[in-house]
Structure formats: structure tokens, C-alpha cells
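This is model.txt. It holds compact mmCIF, C-alpha atoms and all ligand atoms.
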# COMPACT_ATOMS: atom_id res chain seq x y z
CA MET G 1 -1.79 -51.41 -10.38
CA SER G 2 -1.10 -51.41 -14.08
CA PHE G 3 -1.81 -54.31 -16.37
CA ALA G 4 1.89 -54.69 -17.11
CA ASP G 5 2.88 -55.78 -13.60
CA LEU G 6 0.26 -58.52 -13.35
CA PRO G 7 2.37 -61.33 -14.80
CA THR G 8 5.22 -60.63 -12.37
CA LYS G 9 2.92 -60.57 -9.35
CA ASN G 10 1.19 -63.71 -10.54
CA GLU G 11 4.53 -65.39 -11.09
CA ILE G 12 5.56 -64.54 -7.54
CA ARG G 13 2.27 -65.94 -6.26
CA VAL G 14 2.69 -69.16 -8.22
CA ARG G 15 6.30 -69.65 -7.08
CA LEU G 16 5.48 -69.06 -3.42
CA LEU G 17 2.34 -71.17 -3.32
CA GLU G 18 2.90 -73.93 -5.83
CA GLY G 19 6.67 -74.09 -5.99
CA ASN G 20 6.67 -75.87 -2.68
CA SER G 21 3.79 -78.28 -3.22
CA CYS G 22 4.82 -81.77 -4.23
CA SER G 23 2.10 -83.53 -6.16
CA LEU G 24 3.60 -87.00 -5.80
CA PRO G 25 3.18 -88.71 -2.43
CA PRO G 26 6.51 -90.32 -1.51
CA LEU G 27 7.18 -94.04 -1.65
CA THR G 28 7.39 -94.07 2.16
CA ASN G 29 3.59 -93.50 2.25
CA LYS G 30 3.06 -96.87 0.60
CA LEU G 31 5.06 -98.99 3.03
CA PRO G 32 2.95 -101.25 5.29
CA PHE G 33 5.10 -100.22 8.34
CA PRO G 34 6.59 -96.90 9.55
CA TYR G 35 9.69 -96.29 7.48
CA HIS G 36 11.68 -95.38 10.60
CA PHE G 37 11.58 -99.12 11.45
CA ILE G 38 14.33 -99.52 8.85
CA PRO G 39 17.65 -98.67 10.57
CA GLY G 40 18.84 -95.18 9.63
CA ASP G 41 22.10 -96.21 7.99
CA VAL G 42 20.32 -98.76 5.79
CA ARG G 43 17.65 -96.18 4.95
CA MET G 44 20.28 -93.71 3.86
CA TRP G 45 21.86 -96.20 1.50
CA LEU G 46 18.42 -97.12 0.16
CA GLY G 47 17.74 -93.40 -0.31
CA ARG G 48 20.90 -92.98 -2.34
CA LEU G 49 19.84 -95.95 -4.41
CA LEU G 50 16.27 -94.69 -4.91
CA PHE G 51 17.42 -91.20 -5.80
CA SER G 52 20.19 -92.44 -8.06
CA ARG G 53 18.05 -91.78 -11.16
CA ASN G 54 17.51 -88.15 -10.06
CA LEU G 55 21.17 -87.75 -9.18
CA LYS G 56 22.29 -89.19 -12.48
CA LYS G 57 19.96 -86.83 -14.30
CA LEU G 58 21.27 -83.90 -12.26
CA ARG G 59 24.84 -84.81 -13.12
CA THR G 60 24.32 -85.50 -16.79
CA GLN G 61 21.85 -82.78 -17.76
CA GLN G 62 22.89 -79.20 -18.09
CA ARG G 63 20.76 -77.69 -15.38
CA GLN G 64 20.91 -74.25 -13.85
CA PRO G 65 22.72 -73.94 -10.51
CA GLY G 66 19.15 -73.49 -9.29
CA SER G 67 19.11 -77.16 -8.39
CA TYR G 68 21.30 -76.21 -5.42
CA ALA G 69 20.22 -72.62 -4.79
CA ASP G 70 17.46 -70.45 -6.20
CA ASN G 71 16.33 -66.87 -5.53
CA SER G 72 14.38 -66.24 -8.71
CA THR G 73 11.28 -65.21 -6.71
CA ASP G 74 13.34 -62.59 -4.83
CA LEU G 75 14.64 -61.24 -8.14
CA LEU G 76 11.03 -60.83 -9.32
CA ILE G 77 10.12 -59.10 -6.04
CA SER G 78 13.08 -56.79 -6.33
CA ALA G 79 11.91 -55.92 -9.87
CA LEU G 80 8.58 -54.83 -8.35
CA ALA G 81 10.43 -52.22 -6.28
CA GLY G 82 10.89 -50.19 -9.43
CA GLU G 83 7.15 -49.62 -9.49
CA THR G 84 6.81 -48.59 -5.88
CA ASP G 85 7.65 -45.40 -4.05
CA LEU G 86 11.36 -45.45 -3.24
CA GLN G 87 10.63 -43.69 0.05
CA LEU G 88 8.78 -46.76 1.38
CA PRO G 89 10.61 -48.84 4.00
CA THR G 90 12.49 -51.89 2.73
CA TRP G 91 13.22 -55.22 4.44
CA GLN G 92 15.88 -55.04 7.17
CA TRP G 93 17.24 -57.69 9.53
CA PRO G 94 17.50 -56.86 13.27
CA GLU G 95 20.37 -54.67 14.50
CA GLY G 96 21.18 -53.53 11.00
CA LYS G 97 22.76 -56.92 10.17
CA SER G 98 23.09 -57.72 6.49
CA CYS G 99 21.86 -61.34 6.77
CA ALA G 100 20.46 -63.75 9.35
CA LEU G 101 21.32 -67.19 10.74
CA VAL G 102 18.90 -69.73 12.20
CA VAL G 103 20.19 -73.06 13.49
CA SER G 104 17.50 -75.75 13.40
CA HIS G 105 17.42 -79.48 14.09
CA ASP G 106 14.83 -82.13 13.28
CA ILE G 107 14.64 -84.98 15.80
CA ASP G 108 12.93 -87.73 13.80
CA THR G 109 13.00 -90.62 16.30
CA PRO G 110 13.23 -91.33 20.06
CA GLY G 111 16.66 -91.84 21.64
CA GLN G 112 18.55 -88.95 19.98
CA GLU G 113 19.59 -87.28 23.25
CA LYS G 114 23.30 -87.76 22.60
CA GLY G 115 23.23 -86.10 19.19
CA VAL G 116 21.03 -83.27 20.47
CA GLU G 117 23.51 -82.59 23.31
CA LEU G 118 26.46 -82.48 20.87
CA LEU G 119 24.68 -80.05 18.52
CA ARG G 120 23.31 -77.79 21.26
CA ALA G 121 26.82 -77.59 22.75
CA ALA G 122 28.21 -76.53 19.35
CA ALA G 123 25.64 -73.71 19.23
CA GLU G 124 25.92 -72.64 22.87
CA LYS G 125 29.73 -72.49 22.68
CA ARG G 126 29.24 -69.78 20.05
CA GLY G 127 26.50 -67.90 21.89
CA LEU G 128 23.76 -69.23 19.58
CA ARG G 129 20.34 -70.57 20.52
CA SER G 130 18.61 -73.06 18.22
CA THR G 131 15.19 -74.39 17.20
CA PHE G 132 14.64 -78.12 17.86
CA SER G 133 11.66 -79.80 16.12
CA PHE G 134 10.34 -82.92 17.83
CA VAL G 135 7.79 -85.44 16.52
CA GLY G 136 4.53 -85.18 18.53
CA SER G 137 4.32 -88.88 19.36
CA ASN G 138 7.87 -88.69 20.82
CA LEU G 139 7.37 -85.53 22.93
CA LYS G 140 6.61 -87.36 26.17
CA GLY G 141 9.90 -89.28 26.18
CA TYR G 142 11.90 -86.12 25.54
CA GLU G 143 10.29 -84.03 28.30
CA PRO G 144 13.39 -83.73 30.58
CA LEU G 145 15.58 -82.76 27.58
CA ILE G 146 12.97 -80.29 26.31
CA ARG G 147 12.74 -78.58 29.71
CA ASP G 148 16.52 -78.32 29.81
CA LEU G 149 16.77 -76.94 26.26
CA ARG G 150 14.07 -74.35 26.93
CA SER G 151 15.65 -73.15 30.15
CA ALA G 152 18.88 -72.57 28.19
CA GLY G 153 16.96 -70.37 25.71
CA HIS G 154 16.43 -72.81 22.85
CA GLU G 155 13.10 -73.05 21.04
CA ILE G 156 10.96 -76.18 20.61
CA ALA G 157 8.93 -76.70 17.43
CA LEU G 158 6.81 -79.57 16.09
CA HIS G 159 7.99 -82.08 13.47
CA ASP G 160 4.43 -83.34 12.83
CA MET G 161 2.54 -85.87 14.97
CA HIS G 162 4.18 -88.87 13.20
CA HIS G 163 7.23 -88.90 10.93
CA ASP G 164 5.43 -90.74 8.12
CA ASN G 165 5.65 -88.08 5.34
CA ARG G 166 1.84 -88.07 5.06
CA VAL G 167 0.64 -84.78 6.56
CA ALA G 168 1.09 -82.74 3.37
CA PHE G 169 -1.17 -85.12 1.45
CA LEU G 170 -4.13 -84.83 3.85
CA ALA G 171 -7.20 -82.58 3.61
CA GLU G 172 -7.30 -79.53 5.86
CA ALA G 173 -9.79 -81.14 8.29
CA GLU G 174 -7.55 -84.22 8.57
CA VAL G 175 -4.52 -82.02 9.32
CA VAL G 176 -6.50 -80.30 12.08
CA ALA G 177 -7.70 -83.65 13.52
CA ARG G 178 -4.12 -84.96 13.50
CA LEU G 179 -2.59 -81.96 15.29
CA LEU G 180 -5.35 -80.89 17.70
CA PRO G 181 -4.61 -83.62 20.30
CA LEU G 182 -1.20 -81.97 20.81
CA LYS G 183 -2.72 -78.66 21.96
CA GLU G 184 -1.82 -79.18 25.63
CA ALA G 185 1.73 -80.37 24.91
CA ARG G 186 2.27 -77.47 22.51
CA GLU G 187 1.22 -74.98 25.15
CA ALA G 188 3.42 -76.66 27.76
CA HIS G 189 6.52 -76.45 25.52
CA GLY G 190 5.81 -73.08 23.89
CA ILE G 191 5.48 -74.67 20.43
CA VAL G 192 4.25 -72.27 17.73
CA GLY G 193 6.36 -73.47 14.77
CA PHE G 194 6.15 -76.48 12.46
CA ARG G 195 8.43 -78.38 10.14
CA SER G 196 6.90 -81.06 7.96
CA PRO G 197 8.82 -84.36 7.76
CA SER G 198 11.01 -84.42 4.63
CA TRP G 199 9.80 -80.85 3.81
CA TYR G 200 6.54 -81.98 2.17
CA THR G 201 4.06 -79.09 2.28
CA SER G 202 0.72 -78.11 0.77
CA ALA G 203 -1.84 -75.30 0.87
CA ALA G 204 -4.14 -77.55 2.94
CA LEU G 205 -1.35 -78.13 5.48
CA TRP G 206 -0.79 -74.36 5.85
CA ARG G 207 -4.52 -73.75 6.34
CA GLY G 208 -4.63 -76.54 8.93
CA LEU G 209 -1.59 -75.17 10.80
CA ASP G 210 -3.17 -71.74 10.94
CA LYS G 211 -6.44 -73.20 12.20
CA VAL G 212 -4.83 -75.04 15.12
CA GLY G 213 -2.86 -71.94 16.14
CA PHE G 214 0.64 -72.27 14.67
CA GLN G 215 2.41 -68.97 13.97
CA TYR G 216 4.91 -70.16 11.41
CA ASP G 217 5.96 -73.04 9.14
CA MET G 218 9.56 -73.78 8.14
CA SER G 219 8.96 -76.64 5.70
CA VAL G 220 9.81 -74.97 2.40
CA LEU G 221 13.21 -74.88 0.73
CA ASP G 222 14.49 -72.37 -1.78
CA SER G 223 15.54 -75.26 -3.97
CA TRP G 224 15.40 -79.07 -3.77
CA PRO G 225 15.98 -81.35 -6.74
CA PHE G 226 15.03 -84.73 -5.28
CA PHE G 227 11.23 -84.98 -5.17
CA ASP G 228 10.58 -84.49 -8.83
CA PRO G 229 13.36 -85.14 -11.35
CA ASP G 230 11.74 -82.80 -13.84
CA ARG G 231 11.60 -79.67 -11.79
CA ASN G 232 13.36 -77.77 -9.09
CA PHE G 233 11.12 -77.96 -6.07
CA GLY G 234 11.18 -74.89 -3.79
CA VAL G 235 9.90 -71.34 -3.31
CA ALA G 236 13.03 -69.78 -4.86
CA SER G 237 13.30 -67.24 -2.05
CA LEU G 238 15.83 -66.57 0.72
CA PHE G 239 13.35 -64.54 2.79
CA PRO G 240 10.33 -65.19 5.01
CA PHE G 241 6.87 -64.36 3.68
CA SER G 242 3.35 -64.91 4.95
CA ALA G 243 0.29 -66.72 3.56
CA ASN G 244 -2.99 -65.75 5.26
CA GLY G 245 -0.98 -64.57 8.26
CA LEU G 246 1.05 -67.79 8.70
CA VAL G 247 4.73 -66.85 8.37
CA ILE G 248 6.71 -69.17 6.07
CA LEU G 249 10.47 -69.49 6.59
CA PRO G 250 12.60 -71.04 3.84
CA ASN G 251 15.01 -73.72 5.06
CA THR G 252 17.83 -72.63 2.78
CA VAL G 253 20.57 -75.02 3.92
CA PRO G 254 19.49 -78.69 4.29
CA TYR G 255 22.89 -79.09 5.89
CA ASP G 256 23.44 -82.85 6.06
CA ASP G 257 20.88 -84.44 3.70
CA THR G 258 21.96 -82.96 0.40
CA PRO G 259 25.72 -83.52 0.63
CA TRP G 260 25.06 -87.05 1.84
CA PHE G 261 22.76 -87.94 -1.04
CA CYS G 262 25.30 -86.47 -3.44
CA GLY G 263 28.02 -88.71 -2.02
CA TYR G 264 30.00 -86.15 -0.03
CA ASN G 265 31.57 -87.07 3.31
CA ILE G 266 31.52 -85.17 6.60
CA GLU G 267 34.92 -83.54 5.98
CA SER G 268 33.76 -81.94 2.74
CA ILE G 269 30.41 -80.65 4.01
CA LEU G 270 31.57 -77.07 4.63
CA ALA G 271 33.27 -76.93 1.24
CA PHE G 272 30.01 -78.15 -0.29
CA TRP G 273 27.99 -75.32 1.26
CA LYS G 274 30.51 -72.45 1.22
CA PRO G 275 29.46 -71.02 -2.15
CA LYS G 276 25.81 -71.06 -1.15
CA LEU G 277 26.48 -69.61 2.33
CA ASP G 278 28.44 -66.73 0.78
CA TRP G 279 25.79 -66.18 -1.86
CA ILE G 280 22.88 -66.09 0.64
CA ALA G 281 24.81 -63.61 2.80
CA GLY G 282 25.65 -61.54 -0.28
CA ASN G 283 21.94 -61.37 -1.09
CA GLN G 284 21.06 -60.34 2.50
CA GLY G 285 19.06 -63.55 2.94
CA LEU G 286 18.27 -66.07 5.65
CA ILE G 287 20.78 -68.85 6.27
CA MET G 288 18.65 -71.52 7.92
CA LEU G 289 20.65 -74.64 8.68
CA ASN G 290 18.89 -77.91 9.37
CA ALA G 291 21.15 -80.57 10.89
CA HIS G 292 19.95 -83.93 12.18
CA PRO G 293 21.18 -85.37 15.52
CA ASP G 294 21.11 -88.97 14.18
CA ARG G 295 24.50 -90.61 14.58
CA TRP G 296 24.78 -91.27 10.81
CA TRP G 297 24.16 -87.57 10.07
CA SER G 298 25.34 -84.74 12.35
CA GLY G 299 25.02 -86.49 15.72
CA SER G 300 28.52 -87.97 16.02
CA LYS G 301 31.41 -86.18 17.74
CA ARG G 302 33.24 -85.73 14.44
CA ALA G 303 30.15 -84.44 12.61
CA ALA G 304 29.24 -82.04 15.44
CA GLU G 305 32.79 -80.62 15.27
CA MET G 306 32.32 -80.07 11.54
CA PHE G 307 28.99 -78.41 12.27
CA GLY G 308 30.79 -76.10 14.72
CA GLN G 309 33.33 -75.23 12.03
CA THR G 310 30.47 -74.36 9.68
CA LEU G 311 28.96 -72.08 12.34
CA ASP G 312 32.37 -70.43 12.86
CA TYR G 313 32.68 -69.80 9.14
CA ILE G 314 29.24 -68.15 8.94
CA LEU G 315 29.74 -66.06 12.10
CA ASP G 316 33.26 -64.91 11.15
CA GLN G 317 32.63 -64.24 7.47
CA HIS G 318 29.12 -62.81 7.50
CA GLU G 319 28.26 -61.58 11.03
CA PRO G 320 24.58 -62.52 10.72
CA ALA G 321 21.71 -61.60 13.02
CA ARG G 322 21.53 -64.59 15.38
CA LEU G 323 17.93 -65.72 15.53
CA ARG G 324 15.77 -68.70 16.37
CA ALA G 325 12.97 -69.54 13.95
CA ILE G 326 10.37 -67.93 16.24
CA ASP G 327 12.44 -64.72 16.25
CA VAL G 328 12.31 -64.61 12.43
CA ALA G 329 8.52 -65.06 12.52
CA ASN G 330 8.17 -62.25 15.08
CA HIS G 331 10.57 -60.07 13.09
CA PHE G 332 8.51 -60.61 9.94
CA ARG G 333 5.44 -59.28 11.78
CA ALA G 334 7.41 -56.27 13.04
CA GLU G 335 8.62 -55.54 9.50
CA SER G 336 5.03 -55.80 8.29
CA VAL G 337 3.92 -53.22 10.89
CA ARG G 338 6.85 -50.99 9.86
CA GLY G 339 5.56 -51.09 6.30
CA ALA G 340 8.52 -53.03 4.86
CA THR G 341 6.35 -55.69 3.18
CA ILE G 342 4.20 -55.79 0.04
CA ALA G 343 0.70 -57.29 0.15
CA LEU G 344 -0.34 -59.36 -2.87
CA ALA G 345 -4.12 -59.42 -3.16
CA GLY G 346 -5.97 -62.70 -3.71
CA ASP G 347 -6.62 -65.91 -1.86
CA PRO G 348 -4.58 -66.71 0.12
CA ARG G 349 -3.43 -63.25 1.15
CA LEU G 350 0.33 -63.08 0.57
CA GLU G 351 2.77 -60.67 2.13
CA ILE G 352 6.37 -60.49 0.92
CA PRO G 353 9.38 -58.40 1.97
CA ARG G 354 9.98 -55.23 -0.02
CA HIS G 355 13.49 -55.17 -1.46
CA GLY G 356 14.76 -51.72 -2.27
CA ASP G 357 17.81 -52.18 -4.39
CA ALA G 358 18.80 -54.19 -7.38
CA SER G 359 21.98 -55.65 -5.87
CA MET G 360 20.54 -59.18 -5.65
CA GLN G 361 22.31 -61.75 -7.73
CA PRO G 362 21.16 -65.12 -9.05
CA PRO G 363 23.38 -68.04 -8.08
CA ALA G 364 26.39 -68.13 -10.35
CA PHE G 365 28.77 -70.59 -8.80
CA PRO G 366 31.76 -71.58 -10.86
CA LYS G 367 30.80 -75.16 -10.13
CA ASN G 368 27.51 -76.48 -8.88
CA PRO G 369 28.32 -79.32 -6.45
CA MET G 370 25.21 -81.18 -7.58
CA LEU G 371 26.57 -81.39 -11.08
CA VAL G 372 30.13 -82.51 -10.52
CA SER G 373 31.88 -85.24 -8.60
CA ALA G 374 33.05 -84.52 -5.04
CA ALA G 375 36.68 -84.77 -6.09
CA GLU G 376 36.25 -82.23 -8.86
CA TYR G 377 34.31 -79.84 -6.64
CA ILE G 378 36.47 -79.90 -3.55
CA ALA G 379 39.71 -79.68 -5.53
ZN ZN Y 401 12.54 -85.36 9.76

Please express the file's structure as C-alpha cells.
Ligand SMILES: [Zn+2]
Amino acid sequence: MSFADLPTKNEIRVRLLEGNSCSLPPLTNKLPFPYHFIPGDVRMWLGRLLFSRNLKKLRTQQRQPGSYADNSTDLLISALAGETDLQLPTWQWPEGKSCALVVSHDIDTPGQEKGVELLRAAAEKRGLRSTFSFVGSNLKGYEPLIRDLRSAGHEIALHDMHHDNRVAFLAEAEVVARLLPLKEAREAHGIVGFRSPSWYTSAALWRGLDKVGFQYDMSVLDSWPFFDPDRNFGVASLFPFSANGLVILPNTVPYDDTPWFCGYNIESILAFWKPKLDWIAGNQGLIMLNAHPDRWWSGSKRAAEMFGQTLDYILDQHEPARLRAIDVANHFRAESVRGATIALAGDPRLEIPRHGDASMQPPAFPKNPMLVSAAEYIA
């Protein structure tokens, strides 16, 4: 390794490890009662109100389209390829597909059976199988639904023990103590994947997940402008990577949250995401949708139909590899064995896909939907 490539490798390391760590515990951690006690619709309006300062800043400041999509880490990785032997294997998706699709759902509260059924039907109608993340304290009540989902080929993952947005701000030993009591339930439901509530992650959380036997985490985003108004929070990658053997999958399309916070309605949700969907596919990346079965998000009949239309668009336009989150984690390991990854020395041990060509493009949308009004964008 020459001295000259050190900054790039360090930059990649910093983006992948620190880009996703939010230093500020959310306001929800300070409430004297679980924030899910506030009805969802009211919470959403409060959220819009609380984030209005961030949104205003996003709309008034000239920011890069990175606030909506970011692959700057992948561009750095692809620059590394110039230094490596061109004969080495490069990252491929299964079946020679040029990109991949994962459909995932976070079930934050009890009583979401109706929304789950609508969203699973939308996937099954199109031959897709999805990853459903349930909160540990709610698992018992969902057992019949979970058995049914699993027998149809869907995957079950964990959405933390409690949906209180606290797990990423705990020490490693506290993370382990919180998740260990779920060992039996995890084994019963085949749970090896984790998504942190509201995407809060930390190095301690990843170490804790690894210690209690999780195989992958899907709590990072490529880009997320809401947690910290002064920076774009995310790993800036459209590809899985691993940290000390735990595979990390970027949730690249927070399907219903972002448009909602930006004031878009259900009818305009596909228009909102189209440029990013096309761009991810064009960069051979992972389209990971996360839709919520709550009735005020994607769990109504109308919203589930719109979700189906979004799936149709992705399947027709981009013909992705159709994977569940666990399949991506297993595929990452297979690509590692095939030699299609690069190891970055240090602690933690990082492994990233090797990208062979320079065809990757940064996001360059004519209009970034975060920066303009819905009317201006959709027109
Ligand atoms: Zn959640």
C-alpha cells in the first residue's frame, strides 16, 4: 500500500463507520412515557413541526442533492480499483442482474396485521418475498402472523426490543443485556437481522449485535438529512459492506417517511422516488424499500396500491435481483469468498465490495425533491 492511497482508504473508513452514527440522542428519549403512546397521526404532525427547522434549512440553503441520495463512498471505492489488479473479481449481484431489490417493513406497534396483510399481498402478487421487522416486546402477539409469513417465504427480523430510539445510545454490554432475553424467540422465528428504530446506529450497537449472534444490520441509510441539520447523515453507499463480520445493508429508500415529512401525498410518492430509483439502478446498487404498515403511512388500501405501483415500476424498468435482506447478507459472504471484496485493515475490520469500472455517477437530479415544493417537483 502506498502512502498516497491512505487518505482515500481512511475517508472510506470514516464514512462507513462514523457517517451513520448520530451523536445527538433524539427528543423521544427524554419523554417520560413511550412515544408510541401518542397516536400515530398526531405524532406525524408533531414530527413535521419539530423537523420544520431542518426542512426550512434544506429548502432555503443550496445543498447538494446528497441530502436525498449519496454514493460518495462508492465513488471513493471505485477510485481504489485503479490501484488494484484489474483481473481481480468485482462485485456482482446474483443471476447477473445489474441491481437488486429488497422490500422491507418495520412494524413499530401491536395491531398492524391489516397493514401487513395489504403490503405482503402487494409483494406476493409480484412474486416477491419481503423482510418484516418486529419489535421484540410485540413478538408474542404476532406469532400466528409470523408463522404465516414465514411459511409463505418471507423473512422475520428484529426491530429492537422496544421502539424507544434508545438502543444506539447504550454501551455494548447494555445492548447485549437488552437483546439476550430474545434468544429463544429469535431462534424460533429464524431472526438473524436487525433494524434499529428510526435508523439510529452506533459502533457499540454493531458490536453488541455481533455478540448476541446477529448476522446483519440494516439500520444505515445512504443519506438522511433530518437528524442533524448541519450534516447529511448516512454511509453514502448503495452497497452492503461488513464491519467485523457483521454485514451492513444500506436502507436506500425510506419509502414513506421522507416524502411525508417533506409534505408529499401518497399519489406523488412514486414521482418523488423515481429519480433516485433510476439512479440507484444505474449505479448497480441496492434498492432497499422500507414501508410501514401503519394506516397513516403505507398500511391503507390506497397506499398499498401505490406501493404496488412502485414495485411494478422497479421490476419493469430495472429487472433487479429479487432478494430478502438475509439473501443480501448471504450474498455478501459469497462475494467475499469469491474474492470480490476489499479488506480495509484496522479496528473494526472492514470489508467493502470491489467495483471494477468507473461508470458510477454521483446523484445529479435536475431537481432535488427535498429542495423544492411538491408542486414544482411533480410538475
Ligand atoms: Zn420503526

When you count all atoms listed in the file, which of these residues is closest to Met306 of chain G: G:Asp256, G:Asp347, G:Asp108, G:Glu155?
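Closest to Met306 of chain G, using all atoms listed in the file: G:Asp256.
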
Listed atoms of segment 273-276 of chain G boxed along x, y and z, 8 Å each side, centre and edge lengths in Å, one decimal, as JSON:
{"center_x": 28.2, "center_y": -73.2, "center_z": -0.4, "size_x": 20.7, "size_y": 20.3, "size_z": 19.4}

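Put simply, atom CA of Arg147 of chain G is 24.8 Å away from atom CA of Glu305 of chain G.
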
Kindly work out which residues sit at most 8 Å from ligand ZN 401 (chain Y), using all atoms listed in the file, and give the list as a list in words.
Asp106, Ile107, Asp108, His159, His163, Ser196, Pro197, Ser198, Trp199 and His292 of chain G

Residues just named, written with C-alpha atoms as a PDB file, in the frame of the given file:
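And here's out-v7.pdb as it stands now:
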ATOM      1  CA  ASP G 106      14.830 -82.130  13.280  1.00  0.00           C
ATOM      2  CA  ILE G 107      14.640 -84.980  15.800  1.00  0.00           C
ATOM      3  CA  ASP G 108      12.930 -87.730  13.800  1.00  0.00           C
ATOM      4  CA  HIS G 159       7.990 -82.080  13.470  1.00  0.00           C
ATOM      5  CA  HIS G 163       7.230 -88.900  10.930  1.00  0.00           C
ATOM      6  CA  SER G 196       6.900 -81.060   7.960  1.00  0.00           C
ATOM      7  CA  PRO G 197       8.820 -84.360   7.760  1.00  0.00           C
ATOM      8  CA  SER G 198      11.010 -84.420   4.630  1.00  0.00           C
ATOM      9  CA  TRP G 199       9.800 -80.850   3.810  1.00  0.00           C
ATOM     10  CA  HIS G 292      19.950 -83.930  12.180  1.00  0.00           C
TER      11      HIS G 292
END

For Leu289 of chain G, find every residue with an atom within 12 Å (counting only C-alpha atoms), except residues of its own chain fewer than 2 positions away, and show them as a VMD selection string.
chain G and resid 100 to 106 119 123 130 to 132 218 221 249 to 258 270 273 276 to 277 280 286 to 287 291 to 292 298 307 to 308 310 to 311 314 323 to 325

Which protein, DNA or RNA residues are at most 6 Å from (15.8, -89.4, 26.9) in the file's coordinates when you count only C-alpha atoms, listed as a list in words?
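Residues lying no farther than 6 Å from the given point: Gly111, Glu113, Gly141 and Tyr142 of chain G.
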
Can you pull out the residues contacting Cys99 of chain G? Cut-off 6 Å, using all atoms listed in the file, and skip same-chain residues under 6 positions away; I want them as a PyMOL selection string.
chain G and resi 281+284-285+320

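Atom CA of Leu145 of chain G lies 10.5 Å from atom CA of Lys114 of chain G.
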
Counting only C-alpha atoms, note down every residue that has an atom within 6 Å of the point (21.6, -85.4, 17.5) (file coordinates), as a list in words.
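Checking each residue against the 6 Å limit leaves Gln112, Lys114, Gly115, Val116, His292, Pro293, Asp294 and Gly299 of chain G.
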
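The smallest atom-to-atom distance between Arg120 of chain G and any of G:Val167, G:Leu76, G:Ala152, G:Ile266, using all atoms listed in the file, is found for G:Ala152.
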
Distance of atom CA of Leu118 of chain G from atom CA of Ala304 of chain G, expressed in Å to one decimal place:
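Distance between the two atoms: 6.1 Å.
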
Of the listed residues G:Arg126, G:Gln92, G:Pro363, G:Arg43, that which approaches Trp297 of chain G most closely, counting all atoms listed in the file
G:Arg43

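Among the candidate residues G:Asn290, G:Asn330, G:Ser300, G:Ser237, the one lying nearest to Leu17 of chain G is G:Ser237, with distances computed using all atoms listed in the file.
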
With only C-alpha atoms as the atoms that count, which of G:Glu319, G:Asp222, G:Asp74, G:Glu117 lies nearest to Thr8 of chain G?
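Among the listed residues, G:Asp74 lies closest to Thr8 of chain G.
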
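Excluding Glu143 of chain G itself and any same-chain residue fewer than 5 positions from it, the protein and nucleic acid residues within 10 Å of it, counting all atoms listed in the file, are Asn138, Asp148, Leu149, Ala185 and His189 of chain G.
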
For each of G:Asn265, G:Ser223, G:Thr201, G:Ser242, take the minimum atom-to-atom distance to Asp70 of chain G, counting only C-alpha atoms, then give the residue where this is smallest.
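Closest residue, counting only C-alpha atoms: G:Ser223.
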
Tell me, as a ChimeraX atom specification, which residues lie within 7 Å of Val247 of chain G, counting only C-alpha atoms; anything in the same chain fewer than 5 positions away does not count.
/G:215-217,240-242,329

Using all atoms listed in the file, which protein or nucleic acid residues come within 9 Å of Leu170 of chain G? Drop anything in the same chain fewer than 5 positions from it, and give the result as a compact mmCIF listing (two decimals) with C-alpha atoms, in the frame of the given file.
# COMPACT_ATOMS: atom_id res chain seq x y z
CA VAL G 175 -4.52 -82.02 9.32
CA SER G 202 0.72 -78.11 0.77
CA ALA G 204 -4.14 -77.55 2.94
CA LEU G 205 -1.35 -78.13 5.48

Please extract segment 129-134 of chain G and write it out with all heavy atoms, as a short mmCIF file (atom, residue, chain, number, x, y, z; two decimals), in the first residue's frame.
data_model
loop_
_atom_site.label_atom_id
_atom_site.label_comp_id
_atom_site.auth_asym_id
_atom_site.auth_seq_id
_atom_site.Cartn_x
_atom_site.Cartn_y
_atom_site.Cartn_z
N ARG G 129 -40.73 -11.74 -2.11
CA ARG G 129 -40.80 -12.08 -0.70
C ARG G 129 -40.05 -11.00 0.08
O ARG G 129 -39.02 -10.52 -0.37
CB ARG G 129 -40.20 -13.46 -0.44
CG ARG G 129 -41.01 -14.59 -1.07
CD ARG G 129 -42.42 -14.67 -0.49
NE ARG G 129 -43.24 -15.73 -1.08
CZ ARG G 129 -44.02 -15.58 -2.14
NH1 ARG G 129 -44.09 -14.41 -2.77
NH2 ARG G 129 -44.75 -16.58 -2.60
N SER G 130 -40.60 -10.63 1.25
CA SER G 130 -40.13 -9.43 1.94
C SER G 130 -39.49 -9.76 3.29
O SER G 130 -39.55 -10.90 3.75
CB SER G 130 -41.30 -8.47 2.15
OG SER G 130 -42.08 -8.38 0.97
N THR G 131 -38.93 -8.73 3.92
CA THR G 131 -38.35 -8.84 5.26
C THR G 131 -39.18 -7.97 6.20
O THR G 131 -39.28 -6.76 5.99
CB THR G 131 -36.88 -8.38 5.25
OG1 THR G 131 -36.14 -9.25 4.39
CG2 THR G 131 -36.28 -8.43 6.65
N PHE G 132 -39.79 -8.58 7.21
CA PHE G 132 -40.65 -7.86 8.17
C PHE G 132 -39.93 -7.77 9.51
O PHE G 132 -39.63 -8.80 10.12
CB PHE G 132 -41.98 -8.61 8.36
CG PHE G 132 -42.85 -8.61 7.13
CD1 PHE G 132 -42.71 -9.58 6.15
CD2 PHE G 132 -43.82 -7.63 6.96
CE1 PHE G 132 -43.53 -9.59 5.02
CE2 PHE G 132 -44.65 -7.62 5.83
CZ PHE G 132 -44.50 -8.60 4.86
N SER G 133 -39.68 -6.55 10.00
CA SER G 133 -39.00 -6.37 11.29
C SER G 133 -40.02 -6.07 12.38
O SER G 133 -40.75 -5.07 12.30
CB SER G 133 -38.01 -5.20 11.22
OG SER G 133 -37.10 -5.41 10.17
N PHE G 134 -40.06 -6.93 13.39
CA PHE G 134 -40.98 -6.76 14.51
C PHE G 134 -40.22 -6.34 15.76
O PHE G 134 -39.07 -6.74 15.97
CB PHE G 134 -41.72 -8.07 14.81
CG PHE G 134 -42.72 -8.46 13.76
CD1 PHE G 134 -42.33 -9.23 12.65
CD2 PHE G 134 -44.05 -8.06 13.86
CE1 PHE G 134 -43.26 -9.59 11.67
CE2 PHE G 134 -44.98 -8.41 12.88
CZ PHE G 134 -44.58 -9.18 11.79
#
